[in-house]
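Below is one structure, written out as structure tokens; comments come after it.
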Amino acid sequence: MCGIVGYIGHKEALPILLKGLRRLEYRGYDSAGVAIAHNGTFKSVRAVGKIDNLAAKLQNENIQGTFGIAHTRWATHGGVTEENAHPHTDCSGDIIVVHNGIVENYRELKDKFLKGHTLRSQTDTEILAHLIETQYSAFAEASADKQGALRAAVQSALSYVRGTYGLVVMHAKHPRTLIAARLGSPLVVGVGDKEYFIASDTSPMLAHTQQVIFLDDEEMVEITDTGVQIFNLQDKKIDKHTEHIDWSEAEAEKGGFANFMLKEIFDQPTVIKDALRGRLVEDEGTAHLGGLNMTDVDMRSINRVILIACGTASYAAMVGKYAFERLAGIPTEVEVASEFRYSDPILDKNTLVFGISQSGETADTIAALREAKRKGAFVRGVVNVIGSTIARETDGGTYIHAGPELAVASTKAYTNMIAVLVMYALQFGRLRRVTVATGERLVKAFREISVKMEQSLKIESEVKKIVEKYKQYKNFLFLGRGVNFPVALEGSLKLKEITYIHSEAYPGGEMKHGPIALLSPDFPVVAILTKNQLYDKMRSNIEEIRARKAPVILIATEGDEQAKELADDVIYVPPTMELLEPLVNTIPLQLFAYHMAVALGKDVDRPRNLAKSVTVE
Ligand code: AGP
């Protein structure tokens, strides 16, 4: 995701835009740029890296003007380079745009409309500037209302676009006019005293106004010095009221959440859709992950899959193992990266190795992948950060599109990694033994998963009550079976890393082979007992625990009244297909760890001893 800010008013725009970008840096920090209208043209400056680099570059420029736009990039198409930084322009330089989102059909649009155009970047966004250019000339000649020509050209251009956008457009021939449109990426208008703002969230404007208008999907806005007009994409005017925002600037950066971790937990139902977007093929009951760079023949030649990762990513990999073996019937191993490299792995050209990493910079995982490549395996990445080392060094793979994950404790990246791995397993499985009916059921479950995750988030108040009851305990045991064992591991890690409370996780069936000796009334157990093929087995394990008088907190499926007889506390989650249960069942455990940390006064976003990306071995 990227950050956008625009200003039109009576103050110098540059300082407002730069400060606004800093408020939005959490949305992306690969590169940044600004364009200020000045004497009938635009002065544009862009820089790779964080906002500080752009600010340093601007020190040497004396750009004045009271009207402009700015952007901080989270790369999706095109590497992290200055020519790929926004803003982007059309051939003439008259039209200048900033964009947050993904133009899925940018190649088709380029082939269909942009023959003869001079493209300067590898981004999908630049296509939009040229597409508006192709539409504008027709409207400018035909339209008596010249002012409306730019708006009409943007509407026409967007009618061809498939994907998502938060788009802001300026045109040299329309001085002091900002056009913006929204589909799938947020945009909010700030209404000040003879000054107006447009941004990806309210944080850049709250120092100037608390009166805002939130755009909804398929709405656009035309902003001039005389005010704000909202239209739909068919140019019908829409009346929208302004809202009063009473967040502080700092809170607004986190979308009103107390910290990034909570924001990122609540991001999950939204970003899971970004992971799935354009990758599920309903009518074939399969998935298609374009970046795999393997032919069907290559894919059929694979007789072994190895998923390499660290920490939370390794627990996502464990879910991937279940999916690959159950759907594709391919023997699959999960290897902790720091062990893999020194274990003299036996690999060959029929082995497919995935490196799974949010940051794409984890030294252990990078080293392991280099070893796998050296030994001749297919090596692919499943990463979040575009253009990261793992993304660049592997011969293909898939971005999980979780957006910047700033809290050290990983949450939304974990669930997005699982979604991508299960889609890969489906893609391989449909080449082998998965029937179209089974594939269609999984695709349908994927289509419903965002709503289920949203429902799972609604148990937050229940979790807070349970935390109050258990916050004095010094030890916890997490139990799960099948795909829920990795969920237990992840819940245990979340608790450890942000509350510093000791916890362990075991497969439910393993507990009686030793760990049960730990149990007492002072050693609570958090167990996942959702309705699936292992329900009865897990239920027996929980009864063994009850016999030892350990307190039990259960994650159970909505409607399972029996669960209440087995536990001191029950958190209910919605049902889903077993392979997707981790996407729903993990959320209460994330919230449990989060609220426990808050109750204990811990620094949730920056826990002690940890770093967001472990770039040392
Ligand atoms: C997750 O909460 C931890 N911060 C940590 O285990 C992390 O998952 C691990 O270091 C791997 O990081 P990566 O996904 O960026 O490779």
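Within each chain, counting starts at residue 1; across the structure tokens, chains are named A, B, ... in the order shown, with ligands numbered 1 upward in that order.
Shell of region 494-502 of chain A at 6 Å, with only C-alpha atoms counted and residues fewer than 3 places along the chain excluded, is A:Lys474, A:Asn475, A:Gly491, A:Ala593, A:Ala597, A:Val604, A:Pro607.
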Tell me, counting only C-alpha atoms and all ligand atoms, for each residue of chain A within 8 Å of ligand 1, which pair of atoms is nearest and how far apart they are in Å to one decimal, in rows ordered by chain and increasing number, as CSV.
residue,atom,partner,partner_atom_place_in_ligand_line,distance
A:Ala309,CA,ligand 1,16 (O),6.3
A:Cys310,CA,ligand 1,11 (C),4.6
A:Gly311,CA,ligand 1,6 (O),3.2
A:Thr312,CA,ligand 1,8 (O),3.8
A:Ala313,CA,ligand 1,14 (O),4.9
A:Ser314,CA,ligand 1,8 (O),7.5
A:Ile356,CA,ligand 1,16 (O),6.5
A:Ser357,CA,ligand 1,14 (O),3.5
A:Gln358,CA,ligand 1,14 (O),3.7
A:Ser359,CA,ligand 1,15 (O),3.6
A:Gly360,CA,ligand 1,15 (O),5.7
A:Glu361,CA,ligand 1,15 (O),6.3
A:Thr362,CA,ligand 1,16 (O),4.6
A:Thr365,CA,ligand 1,16 (O),6.7
A:Val383,CA,ligand 1,14 (O),7.6
A:Val408,CA,ligand 1,4 (N),5.0
A:Ala409,CA,ligand 1,2 (O),3.5
A:Ser410,CA,ligand 1,2 (O),3.8
A:Thr411,CA,ligand 1,2 (O),6.9
A:Ala413,CA,ligand 1,14 (O),7.7
A:Tyr414,CA,ligand 1,8 (O),7.9
A:Leu493,CA,ligand 1,2 (O),7.0
A:Lys494,CA,ligand 1,2 (O),6.1
A:Glu497,CA,ligand 1,2 (O),7.1
A:Leu610,CA,ligand 1,4 (N),7.1
A:Ala611,CA,ligand 1,4 (N),6.9
A:Lys612,CA,ligand 1,4 (N),5.7
A:Ser613,CA,ligand 1,15 (O),5.2
A:Val614,CA,ligand 1,10 (O),5.6
Item to check | Contacts of Arg341 (chain A) at 9 Å (only C-alpha atoms; same-chain gap of 5+ positions) as a ChimeraX atom specification | outcome: /A:364-365,367-372
Checklist outcome for this item: Between CA of Lys469 (chain A) and CA of Asn532 (chain A) lies a distance of 28.7 Å
Checklist entry - What is the distance between CA of Arg107 (chain A) and CA of Ile127 (chain A), in Å to one decimal? => result 8.7 Å
Item to check | Distance query Cys2 (chain A) at most 9 Å, only C-alpha atoms, self and fewer than 2 positions along chain excluded, as a list of chain:residue names | outcome: A:Ile4, A:Leu24, A:Glu25, A:Tyr26, A:Arg27, A:Gly28, A:Tyr29, A:His71, A:Thr72, A:Arg73, A:Trp74, A:Ala75, A:His99, A:Asn100, A:Gly101, A:Ser200, A:Gly403
Item to check | Near-region 525-530 of chain A list (8 Å; only C-alpha atoms; drop same-chain fewer than 6 positions) as number ranges by chain | outcome: A: 476-481, 484, 488, 538-539, 542, 550-557, 563, 575, 585
